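Visitor: Have a look at this one before I ask anything.
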Amino acid sequence: MRSVLVFLMMGLAASAFLFAGCQPAGQPEGETPAAEPAAPVMSDEDAIRKVADDFVVAWNAGDADSIAGLFAEDGDSLAPDGAYYKGRDAVAANYRTSFEGMYKGTTITISTTSIRILEPDVAIGDGTYEIAGLKDAEGQDMPNIKGMFTNIMTKMGDKWLMACSRPMVPIEMPGTT
Amino acid sequence: MNKRISLFVMLSLVVSFGTAVNAQETTSPEAVFEEMGAKWAGVWNTGDMEGFAELYAEDADFISHDGKVHKGREAIVKSFVELAGTVFKGAQISIERTHIRQIKPNIMVGDSEWEFTGVPEVEGQTPPTKGTSTVVVVNQDGKWLITSHRSRVPPPMPTAPE
């Protein structure tokens, strides 16, 4: 019986503490505080699209480290030419080299065309990209590169990151059309 | 007493079932992709294109080297039937696994390099016969199926300005 009483008292004390926490100090009784506007919750699709948007901003600033930051720590990238980079450091180093070389001064536009959520924390994002401002070895203008990409995305906490980046440049093969 | 026996039997069944599932999950990712690559090449090389249906999930998608998007198992099989009716008719494929990533116990990503042999020249040009593929495979009811397949042929890349 004694233990029941102690339990009840503890319960009341806990309730009092919790409710005290709900009432802001100095809030006049009977008045409801103005509700603070809730931060808009971004849908998974929008969050995945935003990764592509952030990629564009980073590319156009020539910011290799920010691009690498959009990857999972052990994320990887398989370039259209078959070169493979694993981990943020390798991804950053590759983009750094590219921004000092063939992609120097280029800009990119991206359009996300499809997002498949496989599981709440795994998705596949597809889209197209176009790189403009390319120069050849003599500094002459080159045609834009038009490609497609597939990103396998994973959600870490509340953040979507690229686990695998698989860009490609579609080509017509003779004898197949 | 009877109740206890029933509970024991039920628990044993649950444990047995769990063990079977676990045994399946312990198949190494390498073994899964080894088997899948061998089956894929086997289907192509024997010309039995309908066999591809066994390898893809119902809602799978495939983007081919030319950027065409094929959605659904049926469309994917059709795309390979069409490819087999081109200059690639009778060509043999070999597939070599290059990278594997286990995303979750039931989702993996695998990259591979493929090469066709026996592709004839077309108007003096040899079509590209080497490329890479990336597949996302999912475990559905104990069976690994391709849900996403991307095939690439390396494009000519620009040379850096001096």
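Naming works like this for the structure tokens: A, B, ... for the chains as they're shown, residue 1 at the start of each chain, ligands 1 onward in shown order.
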I need the contact residues of chain B against chain A, so if you could list those with any atom within 9 Å, counting only C-alpha atoms, and return them as a PyMOL selection string, that would help.

Guide: chain B and resi 64-68+82-83+85-88+101+103-104+107+109+111+113+121-123+125-128+131-132+134+136+148+150-162

Visitor: Quick one: write out the picked residues with N, CA and C atoms as a compact mmCIF listing (two decimals), in the first residue's frame?

Guide:
# COMPACT_ATOMS: atom_id res chain seq x y z
N SER B 64 18.37 2.29 -71.66
CA SER B 64 19.39 1.71 -72.53
C SER B 64 20.43 2.76 -72.93
N HIS B 65 21.49 2.30 -73.60
CA HIS B 65 22.63 3.15 -73.95
C HIS B 65 22.23 4.39 -74.74
N ASP B 66 21.07 4.31 -75.43
CA ASP B 66 20.62 5.44 -76.24
C ASP B 66 19.69 6.37 -75.47
N GLY B 67 19.52 6.11 -74.19
CA GLY B 67 18.72 6.99 -73.35
C GLY B 67 17.24 6.67 -73.34
N LYS B 68 16.85 5.61 -74.05
CA LYS B 68 15.42 5.26 -74.06
C LYS B 68 15.04 4.62 -72.72
N GLU B 82 14.12 -6.57 -79.37
CA GLU B 82 14.39 -5.65 -80.48
C GLU B 82 15.90 -5.52 -80.73
N LEU B 83 16.65 -5.41 -79.64
CA LEU B 83 18.11 -5.29 -79.79
C LEU B 83 18.69 -6.54 -80.46
N GLY B 85 17.37 -8.18 -82.61
CA GLY B 85 17.00 -8.20 -84.02
C GLY B 85 17.84 -7.23 -84.85
N THR B 86 18.82 -6.61 -84.23
CA THR B 86 19.66 -5.64 -84.93
C THR B 86 21.02 -6.27 -85.26
N VAL B 87 22.01 -5.41 -85.39
CA VAL B 87 23.35 -5.88 -85.70
C VAL B 87 23.90 -6.77 -84.57
N PHE B 88 23.25 -6.71 -83.42
CA PHE B 88 23.71 -7.52 -82.28
C PHE B 88 23.16 -8.95 -82.31
N ARG B 101 27.39 -2.65 -53.87
CA ARG B 101 27.08 -1.87 -52.67
C ARG B 101 25.79 -2.42 -52.06
N ILE B 103 22.93 -1.64 -49.96
CA ILE B 103 22.25 -0.46 -49.41
C ILE B 103 21.52 -0.84 -48.13
N LYS B 104 20.80 -1.96 -48.20
CA LYS B 104 20.07 -2.50 -47.06
C LYS B 104 20.09 -4.02 -47.25
N ILE B 107 18.28 -4.61 -50.46
CA ILE B 107 18.52 -3.76 -51.63
C ILE B 107 20.03 -3.66 -51.87
N VAL B 109 23.19 -2.58 -54.98
CA VAL B 109 23.53 -1.96 -56.26
C VAL B 109 24.78 -2.66 -56.80
N ASP B 111 27.55 -2.80 -60.17
CA ASP B 111 28.05 -2.30 -61.46
C ASP B 111 28.77 -3.45 -62.16
N GLU B 113 30.94 -4.50 -66.10
CA GLU B 113 31.39 -4.16 -67.45
C GLU B 113 30.91 -5.27 -68.37
N GLU B 121 30.67 -5.21 -88.62
CA GLU B 121 30.78 -3.78 -88.96
C GLU B 121 29.51 -3.34 -89.69
N VAL B 122 29.17 -2.09 -89.52
CA VAL B 122 28.02 -1.53 -90.24
C VAL B 122 28.53 -0.34 -91.03
N GLU B 123 28.45 -0.44 -92.34
CA GLU B 123 28.92 0.64 -93.23
C GLU B 123 30.31 1.12 -92.81
N GLN B 125 31.71 0.93 -90.02
CA GLN B 125 31.85 1.31 -88.60
C GLN B 125 31.57 0.10 -87.71
N THR B 126 32.39 -0.05 -86.68
CA THR B 126 32.11 -1.10 -85.71
C THR B 126 31.33 -0.47 -84.56
N PRO B 127 30.14 -0.94 -84.28
CA PRO B 127 29.40 -0.38 -83.15
C PRO B 127 30.18 -0.60 -81.85
N PRO B 128 30.04 0.31 -80.90
CA PRO B 128 30.71 0.09 -79.61
C PRO B 128 30.27 -1.24 -79.02
N GLY B 131 30.76 -1.63 -72.62
CA GLY B 131 30.06 -0.63 -71.83
C GLY B 131 29.95 -1.05 -70.38
N THR B 132 29.19 -0.28 -69.64
CA THR B 132 28.98 -0.62 -68.23
C THR B 132 27.48 -0.65 -67.93
N THR B 134 24.62 -0.63 -64.53
CA THR B 134 24.36 -0.54 -63.09
C THR B 134 22.96 -1.10 -62.86
N VAL B 136 20.04 -2.07 -59.78
CA VAL B 136 19.60 -2.09 -58.39
C VAL B 136 18.74 -3.34 -58.25
N SER B 148 16.02 -1.82 -61.28
CA SER B 148 16.50 -0.66 -62.04
C SER B 148 17.76 -1.09 -62.79
N ARG B 150 20.58 0.34 -65.75
CA ARG B 150 21.07 1.43 -66.61
C ARG B 150 22.28 0.90 -67.38
N SER B 151 22.23 1.07 -68.68
CA SER B 151 23.33 0.60 -69.52
C SER B 151 23.99 1.78 -70.20
N ARG B 152 25.32 1.80 -70.17
CA ARG B 152 26.05 2.94 -70.72
C ARG B 152 27.16 2.49 -71.66
N VAL B 153 27.37 3.32 -72.66
CA VAL B 153 28.53 3.14 -73.53
C VAL B 153 29.37 4.39 -73.35
N PRO B 154 30.67 4.24 -73.13
CA PRO B 154 31.48 5.44 -72.89
C PRO B 154 31.41 6.41 -74.06
N PRO B 155 31.09 7.68 -73.82
CA PRO B 155 31.03 8.66 -74.91
C PRO B 155 32.40 9.27 -75.15
N PRO B 156 32.60 9.89 -76.30
CA PRO B 156 33.84 10.66 -76.47
C PRO B 156 33.81 11.84 -75.51
N MET B 157 34.85 12.01 -74.73
CA MET B 157 34.87 13.10 -73.75
C MET B 157 35.75 14.24 -74.24
N PRO B 158 35.39 15.49 -73.89
CA PRO B 158 36.20 16.63 -74.33
C PRO B 158 37.57 16.61 -73.68
N THR B 159 38.52 17.19 -74.38
CA THR B 159 39.87 17.29 -73.84
C THR B 159 40.02 18.63 -73.15
N ALA B 160 40.71 18.62 -72.03
CA ALA B 160 40.88 19.86 -71.27
C ALA B 160 41.66 20.90 -72.07
N PRO B 161 41.23 22.17 -71.99
CA PRO B 161 42.00 23.22 -72.66
C PRO B 161 43.40 23.33 -72.05
N GLU B 162 44.36 23.71 -72.89
CA GLU B 162 45.74 23.85 -72.38
C GLU B 162 45.83 25.05 -71.43

Visitor: Applying 9 Å and only C-alpha atoms, which residues near Glu115 in chain B remain after dropping the ones on its own chain fewer than 3 positions away? List them as an mmCIF file with N, CA and C atoms, in the first residue's frame.

Guide:
data_model
loop_
_atom_site.group_PDB
_atom_site.id
_atom_site.type_symbol
_atom_site.label_atom_id
_atom_site.label_comp_id
_atom_site.auth_asym_id
_atom_site.auth_seq_id
_atom_site.Cartn_x
_atom_site.Cartn_y
_atom_site.Cartn_z
ATOM 1 N N GLN B 92 27.587 -12.506 -78.782
ATOM 2 C CA GLN B 92 27.676 -13.115 -77.440
ATOM 3 C C GLN B 92 28.142 -12.069 -76.446
ATOM 4 N N ILE B 93 27.594 -12.117 -75.263
ATOM 5 C CA ILE B 93 27.961 -11.117 -74.246
ATOM 6 C C ILE B 93 28.699 -11.780 -73.094
ATOM 7 N N SER B 94 29.665 -11.067 -72.564
ATOM 8 C CA SER B 94 30.281 -11.501 -71.300
ATOM 9 C C SER B 94 30.141 -10.347 -70.307
ATOM 10 N N ILE B 95 29.917 -10.698 -69.069
ATOM 11 C CA ILE B 95 29.670 -9.682 -68.041
ATOM 12 C C ILE B 95 30.646 -9.874 -66.891
ATOM 13 N N GLU B 96 31.286 -8.791 -66.514
ATOM 14 C CA GLU B 96 32.222 -8.866 -65.384
ATOM 15 C C GLU B 96 31.813 -7.866 -64.311
ATOM 16 N N THR B 129 31.207 -2.003 -78.584
ATOM 17 C CA THR B 129 30.861 -3.325 -78.065
ATOM 18 C C THR B 129 31.148 -3.468 -76.571
ATOM 19 N N LYS B 130 31.654 -2.375 -75.982
ATOM 20 C CA LYS B 130 31.944 -2.435 -74.542
ATOM 21 C C LYS B 130 31.176 -1.343 -73.820
ATOM 22 N N GLY B 131 30.758 -1.631 -72.615
ATOM 23 C CA GLY B 131 30.061 -0.626 -71.829
ATOM 24 C C GLY B 131 29.945 -1.049 -70.382
ATOM 25 N N THR B 132 29.191 -0.279 -69.639
ATOM 26 C CA THR B 132 28.978 -0.615 -68.227
ATOM 27 C C THR B 132 27.484 -0.647 -67.927
#

Visitor: Here is a test: counting only C-alpha atoms, which residue of A:Lys146, A:Thr106, A:Met162, A:Glu45 is nearest to Gly87 in chain A?

Guide: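 Of the candidates, the smallest distance to Gly87 in chain A is held by A:Met162.
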
Visitor: Leaving out Gly72 in chain B and any residue of its chain fewer than 5 positions from it, which residues lie within 8 Å of it when counting only C-alpha atoms, given as number ranges by chain?

Guide: B: 57-61

Visitor: Mind checking DSSP for range 8-150 of chain B and telling me the strand (DSSP E) residues as an MDAnalysis selection string?

Guide: chainID B and resid 56:63 69:71 92:104 107:117 130:140 143:150

Visitor: Keeping N, CA and C atoms, export the residues of the selection given above as a short mmCIF file (atom, residue, chain, number, x, y, z; two decimals), in the first residue's frame.

Guide:
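Output file again-v7.cif follows:
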data_model
loop_
_atom_site.label_atom_id
_atom_site.label_comp_id
_atom_site.auth_asym_id
_atom_site.auth_seq_id
_atom_site.Cartn_x
_atom_site.Cartn_y
_atom_site.Cartn_z
N TYR B 56 13.74 -9.68 -63.87
CA TYR B 56 13.32 -8.30 -63.57
C TYR B 56 12.05 -8.28 -62.72
N ALA B 57 11.97 -7.28 -61.83
CA ALA B 57 10.75 -7.08 -61.05
C ALA B 57 9.66 -6.56 -61.99
N GLU B 58 8.44 -6.80 -61.61
CA GLU B 58 7.29 -6.41 -62.44
C GLU B 58 7.35 -4.91 -62.80
N ASP B 59 7.76 -4.08 -61.82
CA ASP B 59 7.74 -2.62 -62.04
C ASP B 59 9.15 -2.07 -62.32
N ALA B 60 10.02 -2.95 -62.79
CA ALA B 60 11.41 -2.51 -63.05
C ALA B 60 11.46 -1.49 -64.19
N ASP B 61 12.56 -0.74 -64.23
CA ASP B 61 12.77 0.12 -65.40
C ASP B 61 14.20 -0.05 -65.91
N PHE B 62 14.34 0.24 -67.20
CA PHE B 62 15.62 0.04 -67.86
C PHE B 62 15.87 1.24 -68.77
N ILE B 63 17.03 1.86 -68.62
CA ILE B 63 17.42 2.92 -69.55
C ILE B 63 18.59 2.38 -70.36
N VAL B 69 13.87 5.03 -72.23
CA VAL B 69 13.39 4.51 -70.95
C VAL B 69 12.35 3.42 -71.20
N HIS B 70 12.59 2.26 -70.63
CA HIS B 70 11.67 1.13 -70.79
C HIS B 70 11.12 0.81 -69.40
N LYS B 71 9.81 1.01 -69.25
CA LYS B 71 9.21 0.82 -67.92
C LYS B 71 8.39 -0.46 -67.87
N GLN B 92 27.59 -12.51 -78.78
CA GLN B 92 27.68 -13.11 -77.44
C GLN B 92 28.14 -12.07 -76.45
N ILE B 93 27.59 -12.12 -75.26
CA ILE B 93 27.96 -11.12 -74.25
C ILE B 93 28.70 -11.78 -73.09
N SER B 94 29.67 -11.07 -72.56
CA SER B 94 30.28 -11.50 -71.30
C SER B 94 30.14 -10.35 -70.31
N ILE B 95 29.92 -10.70 -69.07
CA ILE B 95 29.67 -9.68 -68.04
C ILE B 95 30.65 -9.87 -66.89
N GLU B 96 31.29 -8.79 -66.51
CA GLU B 96 32.22 -8.87 -65.38
C GLU B 96 31.81 -7.87 -64.31
N ARG B 97 31.57 -8.38 -63.15
CA ARG B 97 31.15 -7.53 -62.03
C ARG B 97 32.32 -6.64 -61.59
N THR B 98 32.00 -5.36 -61.29
CA THR B 98 33.09 -4.45 -60.88
C THR B 98 32.90 -3.89 -59.46
N HIS B 99 31.67 -3.50 -59.12
CA HIS B 99 31.43 -2.95 -57.77
C HIS B 99 30.09 -3.43 -57.24
N ILE B 100 30.06 -3.60 -55.94
CA ILE B 100 28.81 -3.98 -55.27
C ILE B 100 28.60 -3.08 -54.07
N ARG B 101 27.39 -2.65 -53.87
CA ARG B 101 27.08 -1.87 -52.67
C ARG B 101 25.79 -2.42 -52.06
N GLN B 102 25.89 -2.82 -50.81
CA GLN B 102 24.69 -3.28 -50.10
C GLN B 102 24.08 -2.06 -49.44
N ILE B 103 22.93 -1.64 -49.96
CA ILE B 103 22.25 -0.46 -49.41
C ILE B 103 21.52 -0.84 -48.13
N LYS B 104 20.80 -1.96 -48.20
CA LYS B 104 20.07 -2.50 -47.06
C LYS B 104 20.09 -4.02 -47.25
N ILE B 107 18.28 -4.61 -50.46
CA ILE B 107 18.52 -3.76 -51.63
C ILE B 107 20.03 -3.66 -51.87
N MET B 108 20.44 -3.95 -53.11
CA MET B 108 21.86 -3.84 -53.44
C MET B 108 22.02 -3.15 -54.80
N VAL B 109 23.19 -2.58 -54.98
CA VAL B 109 23.53 -1.96 -56.26
C VAL B 109 24.78 -2.66 -56.80
N GLY B 110 24.74 -3.00 -58.05
CA GLY B 110 25.89 -3.66 -58.65
C GLY B 110 26.26 -3.02 -59.98
N ASP B 111 27.55 -2.80 -60.17
CA ASP B 111 28.05 -2.30 -61.46
C ASP B 111 28.77 -3.45 -62.16
N SER B 112 28.74 -3.39 -63.46
CA SER B 112 29.49 -4.41 -64.21
C SER B 112 29.96 -3.83 -65.53
N GLU B 113 30.94 -4.50 -66.10
CA GLU B 113 31.39 -4.16 -67.45
C GLU B 113 30.91 -5.27 -68.37
N TRP B 114 30.42 -4.90 -69.52
CA TRP B 114 29.97 -5.92 -70.48
C TRP B 114 30.70 -5.75 -71.80
N GLU B 115 30.78 -6.85 -72.50
CA GLU B 115 31.43 -6.81 -73.81
C GLU B 115 30.76 -7.80 -74.75
N PHE B 116 30.44 -7.31 -75.94
CA PHE B 116 29.86 -8.17 -76.97
C PHE B 116 30.97 -8.64 -77.91
N THR B 117 30.88 -9.86 -78.32
CA THR B 117 31.76 -10.34 -79.39
C THR B 117 30.87 -10.83 -80.52
N LYS B 130 31.65 -2.37 -75.98
CA LYS B 130 31.94 -2.43 -74.54
C LYS B 130 31.18 -1.34 -73.82
N GLY B 131 30.76 -1.63 -72.62
CA GLY B 131 30.06 -0.63 -71.83
C GLY B 131 29.95 -1.05 -70.38
N THR B 132 29.19 -0.28 -69.64
CA THR B 132 28.98 -0.62 -68.23
C THR B 132 27.48 -0.65 -67.93
N SER B 133 27.14 -1.38 -66.92
CA SER B 133 25.75 -1.45 -66.47
C SER B 133 25.70 -1.24 -64.98
N THR B 134 24.62 -0.63 -64.53
CA THR B 134 24.36 -0.54 -63.09
C THR B 134 22.96 -1.10 -62.86
N VAL B 135 22.87 -2.02 -61.94
CA VAL B 135 21.54 -2.55 -61.59
C VAL B 135 21.29 -2.37 -60.10
N VAL B 136 20.04 -2.07 -59.78
CA VAL B 136 19.60 -2.09 -58.39
C VAL B 136 18.74 -3.34 -58.25
N VAL B 137 19.12 -4.19 -57.33
CA VAL B 137 18.35 -5.43 -57.15
C VAL B 137 17.66 -5.39 -55.78
N VAL B 138 16.46 -5.98 -55.77
CA VAL B 138 15.68 -6.02 -54.53
C VAL B 138 15.31 -7.48 -54.24
N ASN B 139 15.24 -7.79 -52.97
CA ASN B 139 14.85 -9.14 -52.59
C ASN B 139 13.34 -9.17 -52.38
N GLN B 140 12.64 -9.86 -53.28
CA GLN B 140 11.18 -9.97 -53.17
C GLN B 140 10.83 -11.42 -52.87
N LYS B 143 13.59 -13.81 -53.42
CA LYS B 143 14.21 -13.87 -54.74
C LYS B 143 14.76 -12.50 -55.12
N TRP B 144 15.99 -12.48 -55.58
CA TRP B 144 16.60 -11.20 -55.99
C TRP B 144 16.20 -10.88 -57.42
N LEU B 145 15.65 -9.68 -57.60
CA LEU B 145 15.20 -9.25 -58.93
C LEU B 145 15.75 -7.87 -59.24
N ILE B 146 15.96 -7.61 -60.51
CA ILE B 146 16.44 -6.28 -60.92
C ILE B 146 15.25 -5.32 -60.93
N THR B 147 15.38 -4.20 -60.24
CA THR B 147 14.31 -3.20 -60.27
C THR B 147 14.71 -1.97 -61.08
N SER B 148 16.02 -1.82 -61.28
CA SER B 148 16.50 -0.66 -62.04
C SER B 148 17.76 -1.09 -62.79
N HIS B 149 17.80 -0.81 -64.08
CA HIS B 149 18.94 -1.22 -64.90
C HIS B 149 19.31 -0.06 -65.80
N ARG B 150 20.58 0.34 -65.75
CA ARG B 150 21.07 1.43 -66.61
C ARG B 150 22.28 0.90 -67.38
#

Visitor: Hey, can you check how far CA of Trp160 in chain A sits from CA of Asp141 in chain B?

Guide: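 Spanning CA of Trp160 in chain A to CA of Asp141 in chain B is a straight-line distance of 27.2 Å.
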
Visitor: Can you tell me how far CA of Ala53 in chain B sits from CA of Lys89 in chain B, in Å to one decimal?

Guide: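 So the two atoms, CA of Ala53 in chain B and CA of Lys89 in chain B, lie 19.2 Å apart.
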
Visitor: Determine, counting only C-alpha atoms, which protein, DNA and RNA residues have an atom within 12 Å of an atom of Phe71 in chain A; residues of the same chain fewer than 5 positions away are not included. Present the result as number ranges by chain.

Guide: A: 48, 51-52, 54-55, 64-66, 76-77, 85-92, 151-156, 159-165

Visitor: Any chance you can output those residues with N, CA and C atoms as a compact mmCIF listing (two decimals), in the first residue's frame?

Guide:
# COMPACT_ATOMS: atom_id res chain seq x y z
N ILE A 48 14.75 15.35 -52.40
CA ILE A 48 15.64 14.73 -53.39
C ILE A 48 15.89 15.69 -54.55
N VAL A 51 18.50 18.20 -53.64
CA VAL A 51 19.90 17.74 -53.77
C VAL A 51 20.40 18.07 -55.17
N ALA A 52 19.54 17.84 -56.17
CA ALA A 52 19.93 18.17 -57.56
C ALA A 52 20.13 19.68 -57.71
N ASP A 54 20.99 21.77 -55.35
CA ASP A 54 22.23 22.12 -54.65
C ASP A 54 23.46 21.72 -55.47
N PHE A 55 23.31 20.62 -56.19
CA PHE A 55 24.41 20.16 -57.06
C PHE A 55 24.68 21.22 -58.14
N ALA A 64 33.89 21.89 -55.64
CA ALA A 64 33.98 20.43 -55.57
C ALA A 64 33.62 19.88 -54.20
N ASP A 65 34.02 20.59 -53.15
CA ASP A 65 33.75 20.09 -51.80
C ASP A 65 32.25 20.07 -51.49
N SER A 66 31.55 21.10 -51.98
CA SER A 66 30.09 21.12 -51.73
C SER A 66 29.41 20.00 -52.49
N ASP A 76 29.52 6.79 -53.97
CA ASP A 76 30.42 6.60 -55.09
C ASP A 76 29.84 7.17 -56.38
N SER A 77 30.73 7.36 -57.31
CA SER A 77 30.34 7.94 -58.59
C SER A 77 31.01 7.15 -59.71
N TYR A 85 34.83 6.55 -58.58
CA TYR A 85 35.34 7.27 -57.41
C TYR A 85 34.50 6.89 -56.21
N LYS A 86 35.15 6.44 -55.15
CA LYS A 86 34.40 6.02 -53.96
C LYS A 86 34.80 6.84 -52.75
N GLY A 87 33.80 7.36 -52.06
CA GLY A 87 34.04 8.16 -50.87
C GLY A 87 34.08 9.64 -51.20
N ARG A 88 33.67 10.45 -50.22
CA ARG A 88 33.59 11.91 -50.46
C ARG A 88 34.92 12.51 -50.91
N ASP A 89 36.02 12.04 -50.32
CA ASP A 89 37.32 12.62 -50.66
C ASP A 89 37.66 12.37 -52.12
N ALA A 90 37.41 11.14 -52.58
CA ALA A 90 37.71 10.79 -53.97
C ALA A 90 36.80 11.55 -54.92
N VAL A 91 35.52 11.67 -54.52
CA VAL A 91 34.56 12.40 -55.35
C VAL A 91 34.99 13.87 -55.46
N ALA A 92 35.36 14.46 -54.32
CA ALA A 92 35.78 15.87 -54.32
C ALA A 92 37.03 16.06 -55.18
N ASN A 151 20.61 8.62 -59.77
CA ASN A 151 21.21 8.67 -58.43
C ASN A 151 20.46 7.73 -57.51
N ILE A 152 21.19 6.86 -56.84
CA ILE A 152 20.56 6.05 -55.81
C ILE A 152 20.76 6.82 -54.51
N MET A 153 19.64 7.20 -53.93
CA MET A 153 19.66 8.10 -52.77
C MET A 153 19.34 7.33 -51.49
N THR A 154 20.02 7.70 -50.42
CA THR A 154 19.69 7.11 -49.13
C THR A 154 19.44 8.25 -48.13
N LYS A 155 18.55 7.99 -47.21
CA LYS A 155 18.22 9.01 -46.22
C LYS A 155 18.96 8.73 -44.92
N MET A 156 19.78 9.67 -44.53
CA MET A 156 20.53 9.54 -43.27
C MET A 156 19.93 10.56 -42.31
N LYS A 159 18.18 13.67 -43.83
CA LYS A 159 18.87 14.21 -45.00
C LYS A 159 19.04 13.15 -46.10
N TRP A 160 18.63 13.49 -47.31
CA TRP A 160 18.85 12.59 -48.44
C TRP A 160 20.23 12.85 -49.04
N LEU A 161 20.96 11.78 -49.28
CA LEU A 161 22.31 11.90 -49.83
C LEU A 161 22.48 10.93 -51.00
N MET A 162 23.43 11.23 -51.85
CA MET A 162 23.69 10.35 -52.99
C MET A 162 24.57 9.18 -52.53
N ALA A 163 24.04 7.98 -52.63
CA ALA A 163 24.86 6.80 -52.33
C ALA A 163 25.61 6.37 -53.59
N CYS A 164 24.95 6.49 -54.72
CA CYS A 164 25.56 6.14 -56.00
C CYS A 164 25.13 7.16 -57.05
N SER A 165 26.08 7.70 -57.74
CA SER A 165 25.78 8.63 -58.83
C SER A 165 26.20 7.96 -60.14

Visitor: Write down as a ChimeraX atom specification the residues of range 48-160 of chain B whose backbone DSSP state falls under helix (DSSP H, G or I).

Guide: /B:49-54,73-83

Visitor: Save the residues we just selected, N, CA and C atoms, as a JSON list (two decimals), in the first residue's frame?

Guide:
[["chain", "number", "residue", "atom", "x", "y", "z"],
["B", 49, "MET", "N", 14.96, -14.86, -75.20],
["B", 49, "MET", "CA", 14.77, -13.54, -74.59],
["B", 49, "MET", "C", 13.68, -13.51, -73.52],
["B", 50, "GLU", "N", 12.70, -14.40, -73.63],
["B", 50, "GLU", "CA", 11.65, -14.41, -72.61],
["B", 50, "GLU", "C", 12.23, -14.73, -71.24],
["B", 51, "GLY", "N", 13.40, -15.33, -71.22],
["B", 51, "GLY", "CA", 14.05, -15.66, -69.96],
["B", 51, "GLY", "C", 14.39, -14.41, -69.14],
["B", 52, "PHE", "N", 14.48, -13.26, -69.81],
["B", 52, "PHE", "CA", 14.77, -12.01, -69.07],
["B", 52, "PHE", "C", 13.67, -11.69, -68.06],
["B", 53, "ALA", "N", 12.44, -12.12, -68.38],
["B", 53, "ALA", "CA", 11.31, -11.81, -67.50],
["B", 53, "ALA", "C", 11.55, -12.35, -66.09],
["B", 54, "GLU", "N", 12.30, -13.44, -66.01],
["B", 54, "GLU", "CA", 12.57, -14.05, -64.70],
["B", 54, "GLU", "C", 13.52, -13.21, -63.85],
["B", 73, "ARG", "N", 8.41, -4.83, -66.71],
["B", 73, "ARG", "CA", 9.08, -6.06, -67.16],
["B", 73, "ARG", "C", 8.84, -6.34, -68.64],
["B", 74, "GLU", "N", 7.60, -6.17, -69.05],
["B", 74, "GLU", "CA", 7.24, -6.51, -70.44],
["B", 74, "GLU", "C", 8.00, -5.63, -71.43],
["B", 75, "ALA", "N", 8.03, -4.33, -71.13],
["B", 75, "ALA", "CA", 8.72, -3.39, -72.03],
["B", 75, "ALA", "C", 10.22, -3.67, -72.06],
["B", 76, "ILE", "N", 10.75, -4.08, -70.94],
["B", 76, "ILE", "CA", 12.19, -4.37, -70.87],
["B", 76, "ILE", "C", 12.53, -5.58, -71.75],
["B", 77, "VAL", "N", 11.74, -6.63, -71.60],
["B", 77, "VAL", "CA", 11.98, -7.83, -72.43],
["B", 77, "VAL", "C", 11.87, -7.46, -73.90],
["B", 78, "LYS", "N", 10.86, -6.65, -74.23],
["B", 78, "LYS", "CA", 10.65, -6.24, -75.63],
["B", 78, "LYS", "C", 11.88, -5.50, -76.17],
["B", 79, "SER", "N", 12.49, -4.67, -75.30],
["B", 79, "SER", "CA", 13.65, -3.90, -75.75],
["B", 79, "SER", "C", 14.82, -4.83, -76.10],
["B", 80, "PHE", "N", 14.96, -5.90, -75.33],
["B", 80, "PHE", "CA", 16.05, -6.84, -75.63],
["B", 80, "PHE", "C", 15.74, -7.68, -76.87],
["B", 81, "VAL", "N", 14.47, -8.00, -77.05],
["B", 81, "VAL", "CA", 14.07, -8.72, -78.27],
["B", 81, "VAL", "C", 14.40, -7.86, -79.48],
["B", 82, "GLU", "N", 14.12, -6.57, -79.37],
["B", 82, "GLU", "CA", 14.39, -5.65, -80.48],
["B", 82, "GLU", "C", 15.90, -5.52, -80.73],
["B", 83, "LEU", "N", 16.65, -5.41, -79.64],
["B", 83, "LEU", "CA", 18.11, -5.29, -79.79],
["B", 83, "LEU", "C", 18.69, -6.54, -80.46]]
